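Student: Let me give you the structure first, and then I'll get to my questions.
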Amino acid sequence: MTLIIIAVSLVVLAAVAYIVMTFYPAFGRRASRKEKQIISRSLNYKDGKFVYPAATVMTENSAGSSLSILKDFIKGNPRSRPPQPLIPEKLLPGSIQESGDTRVTWFGHSAVLLEMDGVTLFLDPMLGRSPSPFPFVGGRRYSKQLPIEISELPRIDAVLLSHDHYDHLDYGSIRQLKDKVGMFIVPLGVGAHLQRWGVSREKIREQDWWDEFRYAGLTLTSAPARHFSGRSLLDRNSTLWCSWIIRGAETKIFFSGDSGYGPHFAEIGEKYGPFDLTLMECGQYDPRWADIHMLPEQTVQAHLDVRGALMIPIHWAAFTLSMHDWTDPVERVFAAAKAHGVRLATPRIGEPVYTGSAEVPSLAWWK
C-alpha cells in the first residue's frame, strides 16, 4: 500500500510540474516543429541539442561533487551579498541618446545599455528583482532601484540576448520592454520564448554562431561561448547561447555573455580583434563548474585573447548565484588585470563609461 501511495504521489507531482511548466508563461516556449527544422541545420546542433566543440561539464562527474555543492549552498556565506542595499547612480531620461560618443551604462549583472553611433542597444536586459521564474522566491537584487525605471526608458533600437537563463532573459522585463524595442536579436531557438510573451515574429532575428546582421548602421555578429541553456527540467541545450561582437563606424565592442574559458576567445580575437572595449563575465563561478563560468583570472586572459583594450567586468553585483563573497570577482579581476597590464574600468551601477575617454571610472566603490 505504501508503495502505491508513493507511486501515485510521484505521478501527481510529475503531472503538476508538467502543467506548470507548460502553462506558466515565464518558462517560455519550446520551438515548433517548423522552427526545429531550421534549428537542426546548425553545425552546432547534434542529436537534438546544441553543443560546444570541446567537452563541457557543469561539475565533476561524481556524486561527491554534487553533494559538496548542495552542502555549500545549504551552509551559505554571509558575505555573498552586500550588508546594505547598493544604491545605483541615477541615469536621467534626457541624458540617453544625447551624445554621439559611444557610451556604456552597466545595470548590474550582465545588463548593459549601449549607445553607439546614434543607436541604442540593450544587452541582456534582466531588470527584474529575482533571477527566477517566480519573482517572489529566489535571491533578491542587491539594489532596490534601477539606474532608470523601464517606464522612463526611451525607444531601444534593439535588444541583444546571449541566452535564455533567468538571470539574462527575464519574462517581466521583456513584457515591459517589448513595445519600446525595434528588434530582438537572439541566438537560435530563443525567439520562441519571446513570441509567447507577445513579441511579434517580425521583430525577432535569430542568429547562429558567426552569423552577421547589419542593423541601424551597426554590424552585429553572434559568436561562440562555452555555456549551456534551458528554462525548465526538459529543455536543456535546446536553444543556443552566444557572445556578441558589435561594430560601429569607429568602435568595436565584445560582449562575452556567459562562458567558461575556451579556445573560442582566441578565435574571436583573430577574426575580429582588436576591440576597444570588452564586457567580460566575472562572477558566479566555482572551480567545480569552471567549464561554464570563468574564474576572474581567466576573465583577464579571455580579454587578452580577444585583443581587448579596455575591460568592464560584468555578471556580478546584482544577484548571488554562487558561494563566493560578493566582492571576490572584482577584487580578483582587479589584481589579475594589474598583473597583466590590462586597463580596467569599474563603474558603479548606472555610472556611464565612454570608450574614447582618457579617464574611466576606476574607484574601488565596493569597499
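By order in the C-alpha cells, chains are A, B, ...; within a chain, residues start at 1; ligands start at 1, following the order shown.
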Taking only C-alpha atoms into account, produce a table as JSON lines in which each residue of segment 164-250 of chain A with an atom at most 7 Å from an atom of segment 119-136 of chain A appears once, together with its shortest atom pair and the distance in Å to one decimal, ordered by chain and rising number.
Tutor:
{"residue": "A:Tyr166", "atom": "CA", "partner": "A:Pro131", "partner_atom": "CA", "distance": 5.0}
{"residue": "A:Asp167", "atom": "CA", "partner": "A:Pro131", "partner_atom": "CA", "distance": 4.6}
{"residue": "A:His168", "atom": "CA", "partner": "A:Asp124", "partner_atom": "CA", "distance": 5.1}
{"residue": "A:Leu169", "atom": "CA", "partner": "A:Met126", "partner_atom": "CA", "distance": 5.8}
{"residue": "A:Asp170", "atom": "CA", "partner": "A:Met126", "partner_atom": "CA", "distance": 5.3}
{"residue": "A:Gly172", "atom": "CA", "partner": "A:Gly128", "partner_atom": "CA", "distance": 6.6}
{"residue": "A:Ser173", "atom": "CA", "partner": "A:Leu127", "partner_atom": "CA", "distance": 5.7}
{"residue": "A:Ala216", "atom": "CA", "partner": "A:Val119", "partner_atom": "CA", "distance": 6.9}
Student: Could you give me, as a PDB file with all heavy atoms, in the first residue's frame, the residues within 7 Å of Phe255 of chain A, counting only C-alpha atoms and dropping anything in the same chain fewer than 2 positions from it?
Tutor:
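Output file part_9.pdb follows:
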ATOM      1  N   SER A 243      28.088  34.789 -27.519  1.00  0.00           N
ATOM      2  CA  SER A 243      28.646  36.105 -27.211  1.00  0.00           C
ATOM      3  C   SER A 243      28.292  37.008 -28.393  1.00  0.00           C
ATOM      4  O   SER A 243      27.744  36.540 -29.399  1.00  0.00           O
ATOM      5  CB  SER A 243      30.164  36.014 -27.020  1.00  0.00           C
ATOM      6  OG  SER A 243      30.794  35.449 -28.177  1.00  0.00           O
ATOM      7  N   TRP A 244      28.606  38.316 -28.270  1.00  0.00           N
ATOM      8  CA  TRP A 244      28.265  39.253 -29.345  1.00  0.00           C
ATOM      9  C   TRP A 244      29.437  40.162 -29.684  1.00  0.00           C
ATOM     10  O   TRP A 244      30.144  40.646 -28.789  1.00  0.00           O
ATOM     11  CB  TRP A 244      27.066  40.127 -28.952  1.00  0.00           C
ATOM     12  CG  TRP A 244      25.765  39.403 -28.975  1.00  0.00           C
ATOM     13  CD1 TRP A 244      25.071  38.905 -27.917  1.00  0.00           C
ATOM     14  CD2 TRP A 244      24.995  39.069 -30.144  1.00  0.00           C
ATOM     15  NE1 TRP A 244      23.915  38.291 -28.337  1.00  0.00           N
ATOM     16  CE2 TRP A 244      23.844  38.384 -29.700  1.00  0.00           C
ATOM     17  CE3 TRP A 244      25.171  39.297 -31.508  1.00  0.00           C
ATOM     18  CZ2 TRP A 244      22.870  37.907 -30.582  1.00  0.00           C
ATOM     19  CZ3 TRP A 244      24.203  38.824 -32.379  1.00  0.00           C
ATOM     20  CH2 TRP A 244      23.068  38.138 -31.910  1.00  0.00           C
ATOM     21  N   ILE A 245      29.614  40.377 -30.973  1.00  0.00           N
ATOM     22  CA  ILE A 245      30.581  41.343 -31.494  1.00  0.00           C
ATOM     23  C   ILE A 245      29.780  42.486 -32.107  1.00  0.00           C
ATOM     24  O   ILE A 245      28.929  42.259 -32.977  1.00  0.00           O
ATOM     25  CB  ILE A 245      31.485  40.687 -32.552  1.00  0.00           C
ATOM     26  CG1 ILE A 245      32.320  39.564 -31.915  1.00  0.00           C
ATOM     27  CG2 ILE A 245      32.380  41.728 -33.227  1.00  0.00           C
ATOM     28  CD1 ILE A 245      32.850  38.553 -32.905  1.00  0.00           C
ATOM     29  N   ILE A 253      33.086  46.483 -29.945  1.00  0.00           N
ATOM     30  CA  ILE A 253      32.841  46.040 -28.578  1.00  0.00           C
ATOM     31  C   ILE A 253      32.567  44.541 -28.576  1.00  0.00           C
ATOM     32  O   ILE A 253      31.881  44.016 -29.460  1.00  0.00           O
ATOM     33  CB  ILE A 253      31.651  46.807 -27.960  1.00  0.00           C
ATOM     34  CG1 ILE A 253      32.041  48.269 -27.749  1.00  0.00           C
ATOM     35  CG2 ILE A 253      31.193  46.174 -26.643  1.00  0.00           C
ATOM     36  CD1 ILE A 253      30.946  49.148 -27.199  1.00  0.00           C
ATOM     37  N   GLY A 257      28.709  37.454 -22.905  1.00  0.00           N
ATOM     38  CA  GLY A 257      27.638  36.601 -22.417  1.00  0.00           C
ATOM     39  C   GLY A 257      28.169  35.772 -21.260  1.00  0.00           C
ATOM     40  O   GLY A 257      29.113  36.172 -20.568  1.00  0.00           O
ATOM     41  N   THR A 278      35.795  45.452 -23.952  1.00  0.00           N
ATOM     42  CA  THR A 278      35.195  44.142 -23.731  1.00  0.00           C
ATOM     43  C   THR A 278      34.345  44.203 -22.466  1.00  0.00           C
ATOM     44  O   THR A 278      34.704  44.842 -21.482  1.00  0.00           O
ATOM     45  CB  THR A 278      36.240  43.026 -23.573  1.00  0.00           C
ATOM     46  OG1 THR A 278      36.954  43.189 -22.339  1.00  0.00           O
ATOM     47  CG2 THR A 278      37.216  43.017 -24.738  1.00  0.00           C
ATOM     48  N   LEU A 279      33.190  43.560 -22.534  1.00  0.00           N
ATOM     49  CA  LEU A 279      32.294  43.383 -21.396  1.00  0.00           C
ATOM     50  C   LEU A 279      32.383  41.906 -21.047  1.00  0.00           C
ATOM     51  O   LEU A 279      31.791  41.055 -21.717  1.00  0.00           O
ATOM     52  CB  LEU A 279      30.874  43.782 -21.778  1.00  0.00           C
ATOM     53  CG  LEU A 279      30.723  45.232 -22.246  1.00  0.00           C
ATOM     54  CD1 LEU A 279      29.463  45.412 -23.083  1.00  0.00           C
ATOM     55  CD2 LEU A 279      30.708  46.183 -21.062  1.00  0.00           C
ATOM     56  N   MET A 280      33.162  41.585 -19.996  1.00  0.00           N
ATOM     57  CA  MET A 280      33.571  40.213 -19.743  1.00  0.00           C
ATOM     58  C   MET A 280      32.943  39.636 -18.474  1.00  0.00           C
ATOM     59  O   MET A 280      33.005  40.230 -17.407  1.00  0.00           O
ATOM     60  CB  MET A 280      35.098  40.138 -19.612  1.00  0.00           C
ATOM     61  CG  MET A 280      35.837  40.156 -20.928  1.00  0.00           C
ATOM     62  SD  MET A 280      35.569  38.600 -21.819  1.00  0.00           S
ATOM     63  CE  MET A 280      36.727  38.837 -23.178  1.00  0.00           C
TER      64      MET A 280
END
Student: Looking only at alpha helix (DSSP H) from DSSP on the backbone, list the matching residues of segment 93-335 of chain A as a compact mmCIF listing (two decimals) with N, CA and C atoms, in the first residue's frame.
Tutor:
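Below is the file that was written, result-v2.txt:
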# COMPACT_ATOMS: atom_id res chain seq x y z
N TYR A 171 11.18 37.31 -17.99
CA TYR A 171 9.83 37.44 -18.53
C TYR A 171 9.24 38.82 -18.25
N GLY A 172 9.29 39.27 -16.99
CA GLY A 172 8.71 40.56 -16.63
C GLY A 172 9.37 41.71 -17.35
N SER A 173 10.70 41.66 -17.47
CA SER A 173 11.42 42.74 -18.15
C SER A 173 11.04 42.82 -19.63
N ILE A 174 10.96 41.66 -20.29
CA ILE A 174 10.61 41.65 -21.71
C ILE A 174 9.19 42.16 -21.92
N ARG A 175 8.29 41.76 -21.05
CA ARG A 175 6.90 42.22 -21.18
C ARG A 175 6.80 43.75 -21.09
N GLN A 176 7.62 44.34 -20.23
CA GLN A 176 7.60 45.80 -20.09
C GLN A 176 8.37 46.51 -21.19
N LEU A 177 9.39 45.84 -21.73
CA LEU A 177 10.24 46.47 -22.74
C LEU A 177 9.73 46.32 -24.17
N GLY A 191 13.85 32.84 -29.85
CA GLY A 191 12.70 33.60 -30.32
C GLY A 191 11.36 33.01 -29.90
N ALA A 192 11.30 31.71 -29.68
CA ALA A 192 10.04 31.07 -29.27
C ALA A 192 9.56 31.62 -27.93
N HIS A 193 10.50 31.84 -27.00
CA HIS A 193 10.13 32.43 -25.71
C HIS A 193 9.51 33.81 -25.92
N LEU A 194 10.17 34.61 -26.73
CA LEU A 194 9.71 35.99 -26.94
C LEU A 194 8.33 36.02 -27.59
N GLN A 195 8.11 35.13 -28.54
CA GLN A 195 6.80 35.11 -29.20
C GLN A 195 5.69 34.77 -28.21
N ARG A 196 5.96 33.84 -27.30
CA ARG A 196 4.95 33.52 -26.29
C ARG A 196 4.63 34.73 -25.42
N HIS A 264 37.64 29.52 -28.06
CA HIS A 264 36.84 30.43 -28.89
C HIS A 264 37.25 31.88 -28.70
N PHE A 265 37.78 32.23 -27.53
CA PHE A 265 38.19 33.62 -27.32
C PHE A 265 39.33 34.01 -28.26
N ALA A 266 40.33 33.14 -28.37
CA ALA A 266 41.44 33.43 -29.28
C ALA A 266 40.96 33.46 -30.74
N GLU A 267 40.01 32.59 -31.07
CA GLU A 267 39.47 32.57 -32.42
C GLU A 267 38.73 33.88 -32.73
N ILE A 268 37.98 34.38 -31.76
CA ILE A 268 37.28 35.65 -31.93
C ILE A 268 38.28 36.78 -32.09
N GLY A 269 39.34 36.75 -31.28
CA GLY A 269 40.37 37.78 -31.38
C GLY A 269 41.04 37.79 -32.73
N GLU A 270 41.31 36.60 -33.28
CA GLU A 270 41.96 36.51 -34.58
C GLU A 270 41.06 37.02 -35.70
N LYS A 271 39.77 36.72 -35.61
CA LYS A 271 38.84 37.09 -36.68
C LYS A 271 38.38 38.54 -36.60
N TYR A 272 38.20 39.06 -35.37
CA TYR A 272 37.54 40.35 -35.23
C TYR A 272 38.29 41.37 -34.38
N PRO A 296 37.99 34.64 -12.29
CA PRO A 296 38.39 36.01 -12.64
C PRO A 296 39.72 36.09 -13.39
N GLU A 297 40.66 35.24 -13.02
CA GLU A 297 41.95 35.26 -13.72
C GLU A 297 41.77 34.84 -15.19
N GLN A 298 40.85 33.93 -15.43
CA GLN A 298 40.54 33.53 -16.80
C GLN A 298 39.82 34.64 -17.56
N THR A 299 39.04 35.43 -16.84
CA THR A 299 38.37 36.58 -17.45
C THR A 299 39.39 37.53 -18.06
N VAL A 300 40.45 37.81 -17.32
CA VAL A 300 41.51 38.69 -17.83
C VAL A 300 42.20 38.04 -19.03
N GLN A 301 42.46 36.74 -18.95
CA GLN A 301 43.10 36.06 -20.07
C GLN A 301 42.21 36.08 -21.31
N ALA A 302 40.91 35.90 -21.12
CA ALA A 302 39.98 35.96 -22.25
C ALA A 302 39.99 37.34 -22.89
N HIS A 303 40.07 38.39 -22.07
CA HIS A 303 40.18 39.75 -22.59
C HIS A 303 41.44 39.90 -23.44
N LEU A 304 42.53 39.34 -22.98
CA LEU A 304 43.78 39.39 -23.76
C LEU A 304 43.64 38.57 -25.04
N ASP A 305 42.97 37.44 -24.96
CA ASP A 305 42.79 36.57 -26.13
C ASP A 305 42.02 37.28 -27.24
N ASP A 328 34.39 39.29 -4.29
CA ASP A 328 35.51 38.47 -4.74
C ASP A 328 35.77 38.61 -6.24
N PRO A 329 34.74 38.63 -7.10
CA PRO A 329 35.02 38.74 -8.53
C PRO A 329 35.81 39.99 -8.90
N VAL A 330 35.40 41.15 -8.40
CA VAL A 330 36.06 42.38 -8.79
C VAL A 330 37.43 42.50 -8.14
N GLU A 331 37.59 42.00 -6.92
CA GLU A 331 38.90 42.05 -6.27
C GLU A 331 39.91 41.19 -7.02
N ARG A 332 39.51 40.00 -7.41
CA ARG A 332 40.43 39.10 -8.09
C ARG A 332 40.73 39.57 -9.51
N VAL A 333 39.70 40.08 -10.22
CA VAL A 333 39.95 40.55 -11.58
C VAL A 333 40.79 41.82 -11.56
N PHE A 334 40.62 42.64 -10.52
CA PHE A 334 41.42 43.85 -10.36
C PHE A 334 42.90 43.48 -10.21
N ALA A 335 43.19 42.48 -9.38
CA ALA A 335 44.58 42.05 -9.17
C ALA A 335 45.16 41.44 -10.44
Student: By how many Å are atom CA of Gly108 of chain A and atom CA of Ser357 of chain A apart?
Tutor: 21.6 Å
Student: Which residue is closest to Gly118 of chain A? Choose from A:Pro263, A:Pro313, A:Gly217, A:Pro25 and count only C-alpha atoms.
Tutor: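 Between A:Pro263, A:Pro313, A:Gly217, A:Pro25, the residue approaching Gly118 of chain A most closely is A:Gly217.
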Student: Do a neighbour search on segment 49-59 of chain A at 7 Å with only C-alpha atoms, toss out local chain neighbours closer than 3 positions, and write the hits as a VMD selection string.
Tutor: chain A and resid 44 to 46 65 226 237 to 240 288 to 289 291 to 292
Student: In Å, with one decimal, what is the gap from atom CA of Ala358 of chain A to atom CA of Val342 of chain A?
Tutor: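 So the two atoms, atom CA of Ala358 of chain A and atom CA of Val342 of chain A, lie 14.5 Å apart.
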